[in-house]
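Heads up: the structure comes next, in structure tokens.
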There are 2 protein chains.
Amino acid sequence: MFDTMEGNLGRISAKDIAYEQIKEKILKCVLEPGQAIVNEKLGKELEISRTPLREALQRLEVEELVVRNSNGTFSVTPISIKEVKEIFIMRSKLEGILIRDAIDNLTDESIEYLSYLTKMVQLTSRLENYKDTEDFGGKFHNAIYTISNNTTVVKIIFQLNDRLNRYRHLAHQHLVEIKTSSDEHEVILDAMVNRDKDRAEMEIEKHIIEAMRVAVKAVEQYENANKAASEGK
Amino acid sequence: MFDTMEGNLGRISAKDIAYEQIKEKILKCVLEPGQAIVNEKLGKELEISRTPLREALQRLEVEELVVRNSNGTFSVTPISIKEVKEIFIMRSKLEGILIRDAIDNLTDESIEYLSYLTKMVQLTSRLENYKDTEDFGGKFHNAIYTISNNTTVVKIIFQLNDRLNRYRHLAHQHLVEIKTSSDEHEVILDAMVNRDKDRAEMEIEKHIIEAMRVAVKAVEQYENANKAASEGK
DNA sequence: GTTATAATAACTGTATACAATTATTCAGAT
DNA sequence: ATCTGAATAATTGTATACAGTTATTATAAC
């Protein structure tokens with residue numbers, strides 16, 4: 001109930017399907033960073049014509065997952081440490097806004113849900129089931145988004161999180177340890193139920209900056225791996 | 001030198017022209033908030049075919065200047081006080097990030113330019129030439145964007161500023177006083193040259209929140225005017 | 001074997017055709 | 001006069017055609 005916020009799409013179109021599919025390929029690095037989006041023809045493994053495919057790519061371009069080259073071609077946006085840092089810092093500030101708004105809207109129900117998620121984060125973390133820890137952690141943040149009711153900021157955060165998902169994927173690929181201190185969520189929740197906006201804001205900022213370190217490390221590993229590969233050739 | 005940051009567009013296309021023209025119409029409220037984007041055919045005053053026009057509208061949709069109705073039609077995104085507040089608060093935080101980065105990159109040259117702009121803001125304000133005050137104020141903020149070199153955040157801010165321009169336009173239409181205290185820029189600059197990031201961040205936040213008040217007032221006037229108009233009919 | 005140049009192929013941007021959907025008009029029933 | 005519903009018109013999403021551009025290949029000269 002607290003983890004969706006999508007509006008009602010009208011009809012589902014080929015463009016939207018293409019958009020989702022290409023986006024997934026990019027986020028999972030099936031289409032690798034920097035790789036040329038091979039001729040719209042090749043993109044036609046999706047079995048749709050150029051028009052909706054173009055439209056999907058143009059949307060991805062606005063969302064910065066794809067860049068247009070000077071000749072009109074598209075490439076997957078390259079990975080960069082500078083970008084990770086910039087996005088994470090931005091996200092930390094934006095989630096600060098959202099947590100303040102969320103505190104204004106807290107209900108018994110929402111507190112209960114957040115408590116549940118926090119406990120699950122702790123539990124799965126203790127069991128070293130980090131996949132689930134990550135999932136529940138994500139749900140925790142999503143719940144804050146929903147409770148905040150700040151649609152403007154949430155839309156931007158969703159875009160940023162999409163971009164960050166690529167780095168998360170790299171972290172998994174390169175076995176960068178991703179276990180977030182499960183205590184952090186507890187501290188954040190505590191500040192929330194005490195309606196301490198300043199503290200909640202501060203703690204969530206810290207929490208996200210911590211996540212940044214993991215992502216940066218992942219990129220470094222990725223770049224080293226690439227360098228090694230191209231030298232070994 | 002400090003007030004542009006656009007990349008190198010490849011070839012200039014009909015889509016881009018349509019995008020710019022429609023955007024300008026929306027920002028200047030020639031296409032009014034909430035108004036249906038009359039059949040792509042009508043949009044064809046721009047003398048281009050449906051394909052690039054569609055593409056332009058879809059880009060505007062991602063940028064939230066236009067919304068798609070359930071039947072596939074487009075409308076100009078309605079104005080709302082909630083949106084103004086959310087955008088301004090977001091912008092205040094993001095400019096906080098940028099000013100910190102900018103302080104890291106300060107050079108004698110950039111300080112000189114910022115000083116010049118600050119003086120011009122004061123001067124034109126004293127002469128009650130508020131059009132120029134606004135212009136120079138805008139350049140001041142743009143200079144900070146450029147100096148920060150934080151392309152990720154800057155791109156988001158540009159989008160937000162586009163959306164805010166509609167409200168600025170309303171403020172002019174409804175004669176809401178827009179004179180920003182010219183001292184505020186001076187205080188910000190002072191914090192910058194002293195490399196006091198915390199203070200600079202705090203002051204620019206305050207400054208932007210102050211601007212929010214003006215915009216909110218403008219929307220209230222606009223809504224009252226509309227209510228009066230529809231009752232008087 | 002390398003480089004230059006011409007010919008060919010592939011691709012991009014835009015216009016337009018076509019089918020499916022949605023809105024509008026008009027006639028007839030109440 | 002008002003409402004209902006069929007017929008018509010307008011509009012949308014997608015496919016495709018066409019022209020102009022960019023990339024690639026092949027051929028010839030050195």
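Ordering of the structure tokens sets the chain letters (A, B, ...), residue numbers begin anew at 1 in every chain, and ligands are numbered from 1 in the order given.
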
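The list of chain B residues within 12 Å of chain C is Arg11, Ile12, Ser13, Ala14, Lys15, Asp16, Asn39, Glu47, Ile48, Ser49, Arg50, Thr51, Pro52, Leu53, Arg54, Glu55, Ser70, Asn71, Gly72 and Thr73 of chain B; this uses only C-alpha atoms (C1' of nucleotides).
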
Let's have the selection written as a PDB file, in the first residue's frame, with C-alpha atoms.
```
ATOM      1  CA  ARG B  11      22.068  19.088 -36.153  1.00  0.00           C
ATOM      2  CA  ILE B  12      19.124  21.324 -35.456  1.00  0.00           C
ATOM      3  CA  SER B  13      15.932  19.469 -36.057  1.00  0.00           C
ATOM      4  CA  ALA B  14      12.282  20.294 -36.498  1.00  0.00           C
ATOM      5  CA  LYS B  15      11.560  18.513 -33.262  1.00  0.00           C
ATOM      6  CA  ASP B  16      13.886  20.801 -31.357  1.00  0.00           C
ATOM      7  CA  ASN B  39      -5.209  18.519 -31.616  1.00  0.00           C
ATOM      8  CA  GLU B  47       4.182  24.116 -39.965  1.00  0.00           C
ATOM      9  CA  ILE B  48       5.651  20.792 -39.124  1.00  0.00           C
ATOM     10  CA  SER B  49       4.284  17.332 -39.389  1.00  0.00           C
ATOM     11  CA  ARG B  50       2.946  15.234 -36.563  1.00  0.00           C
ATOM     12  CA  THR B  51       6.037  13.144 -35.926  1.00  0.00           C
ATOM     13  CA  PRO B  52       8.407  15.830 -34.672  1.00  0.00           C
ATOM     14  CA  LEU B  53       5.533  17.585 -32.960  1.00  0.00           C
ATOM     15  CA  ARG B  54       4.631  14.447 -31.054  1.00  0.00           C
ATOM     16  CA  GLU B  55       8.247  14.054 -30.072  1.00  0.00           C
ATOM     17  CA  SER B  70      -6.198   9.277 -20.454  1.00  0.00           C
ATOM     18  CA  ASN B  71      -7.260   9.450 -24.084  1.00  0.00           C
ATOM     19  CA  GLY B  72      -3.824  10.333 -25.355  1.00  0.00           C
ATOM     20  CA  THR B  73      -4.476  14.047 -25.609  1.00  0.00           C
TER      21      THR B  73
END
```

Quiz item: Where in stretch 124-224 of chain A does DSSP assign alpha helix (DSSP H), given as a PyMOL selection string?
Solution: chain A and resi 124-126+130-148+151-173+183-193+197-224

Counting only C-alpha atoms, what are the residues of chain B within 7 Å of chain A, and for each of them which pair of atoms is the nearest and at what distance in Å, to one decimal? Sort the table by chain and rising number, as a tab-separated table.
```
residue	atom	partner	partner_atom	distance
B:Leu9	CA	A:Ser70	CA	6.9
B:Gly10	CA	A:Ser70	CA	4.5
B:Glu55	CA	A:Glu55	CA	6.6
B:Arg59	CA	A:Arg59	CA	6.5
B:Ser70	CA	A:Gly10	CA	4.3
B:Asn71	CA	A:Gly10	CA	6.4
B:Glu83	CA	A:Thr152	CA	6.7
B:Glu86	CA	A:Thr152	CA	6.3
B:Ile87	CA	A:Thr152	CA	6.9
B:Met90	CA	A:Leu94	CA	6.9
B:Lys93	CA	A:Lys93	CA	6.5
B:Leu94	CA	A:Met90	CA	6.9
B:Asn150	CA	A:Glu86	CA	6.9
B:Thr152	CA	A:Glu86	CA	6.3
B:Val153	CA	A:Glu86	CA	6.9
```

Take the residues from that selection and put them in a file with N, CA and C atoms, as a compact mmCIF listing (two decimals), in the first residue's frame.
```txt
# COMPACT_ATOMS: atom_id res chain seq x y z
N LEU B 9 24.66 20.85 -29.45
CA LEU B 9 23.62 20.09 -30.14
C LEU B 9 24.18 19.72 -31.50
N GLY B 10 23.84 18.56 -31.96
CA GLY B 10 24.31 18.19 -33.29
C GLY B 10 23.59 19.03 -34.33
N GLU B 55 7.01 14.24 -30.83
CA GLU B 55 8.25 14.05 -30.07
C GLU B 55 8.49 15.22 -29.13
N ARG B 59 8.58 15.07 -24.97
CA ARG B 59 9.67 15.57 -24.15
C ARG B 59 9.12 16.52 -23.08
N SER B 70 -6.00 10.72 -20.31
CA SER B 70 -6.20 9.28 -20.45
C SER B 70 -6.47 8.88 -21.90
N ASN B 71 -6.96 9.80 -22.70
CA ASN B 71 -7.26 9.45 -24.08
C ASN B 71 -6.11 9.75 -25.04
N GLU B 83 2.53 22.60 -6.10
CA GLU B 83 3.69 22.43 -6.97
C GLU B 83 4.73 23.54 -6.76
N GLU B 86 6.63 22.89 -3.60
CA GLU B 86 7.51 21.73 -3.69
C GLU B 86 8.74 22.04 -4.54
N ILE B 87 8.52 22.73 -5.65
CA ILE B 87 9.66 23.04 -6.52
C ILE B 87 10.62 24.00 -5.82
N MET B 90 12.64 22.30 -3.19
CA MET B 90 13.63 21.46 -3.83
C MET B 90 14.78 22.31 -4.37
N LYS B 93 17.24 23.55 -1.79
CA LYS B 93 18.22 22.54 -1.36
C LYS B 93 19.27 22.31 -2.44
N LEU B 94 18.82 22.24 -3.68
CA LEU B 94 19.77 21.95 -4.76
C LEU B 94 20.76 23.09 -4.95
N ASN B 150 28.66 21.16 -11.39
CA ASN B 150 27.89 19.97 -11.02
C ASN B 150 26.79 19.76 -12.06
N THR B 152 25.05 17.33 -13.14
CA THR B 152 23.86 16.55 -12.82
C THR B 152 22.80 17.41 -12.14
N VAL B 153 23.22 18.11 -11.10
CA VAL B 153 22.27 18.94 -10.38
C VAL B 153 21.82 20.11 -11.24
```

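The part of chain D that reaches within 10 Å of chain A is made up of DG13, DT14, DA15, DT16, DT21 and DT22 of chain D, counting only C-alpha atoms (C1' of nucleotides).
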
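Within stretch 24-232 of chain A, DSSP run on the backbone puts these residues in strand (DSSP E or B): Ala36, Val66, Val67, Arg68, Phe74, Ser75 and Val76 of chain A.
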
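Straight-line separation from atom CA of A:Tyr113 to atom CA of A:Ile188: 13.9 Å.
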
Practice problem: Have a look at A:Ser115, A:Ser92, A:Asn226, A:Thr146 and name the one nearest to A:Glu210; count only C-alpha atoms. | Solution: A:Ser92

Exercise. Give me, please, the distance in Å between atom CA of A:His185 and atom CA of A:Thr118, quoted to one decimal.
Key: 6.1 Å

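With only C-alpha atoms as the atoms that count, the minimum distance from A:Arg166 to the choices A:Glu203, A:Glu32, A:Asp190, A:Glu20 is reached by A:Glu32.
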
Quiz item: Quick one, how far is atom CA of A:Arg199 from atom CA of B:Arg199?
Solution: 19.3 Å
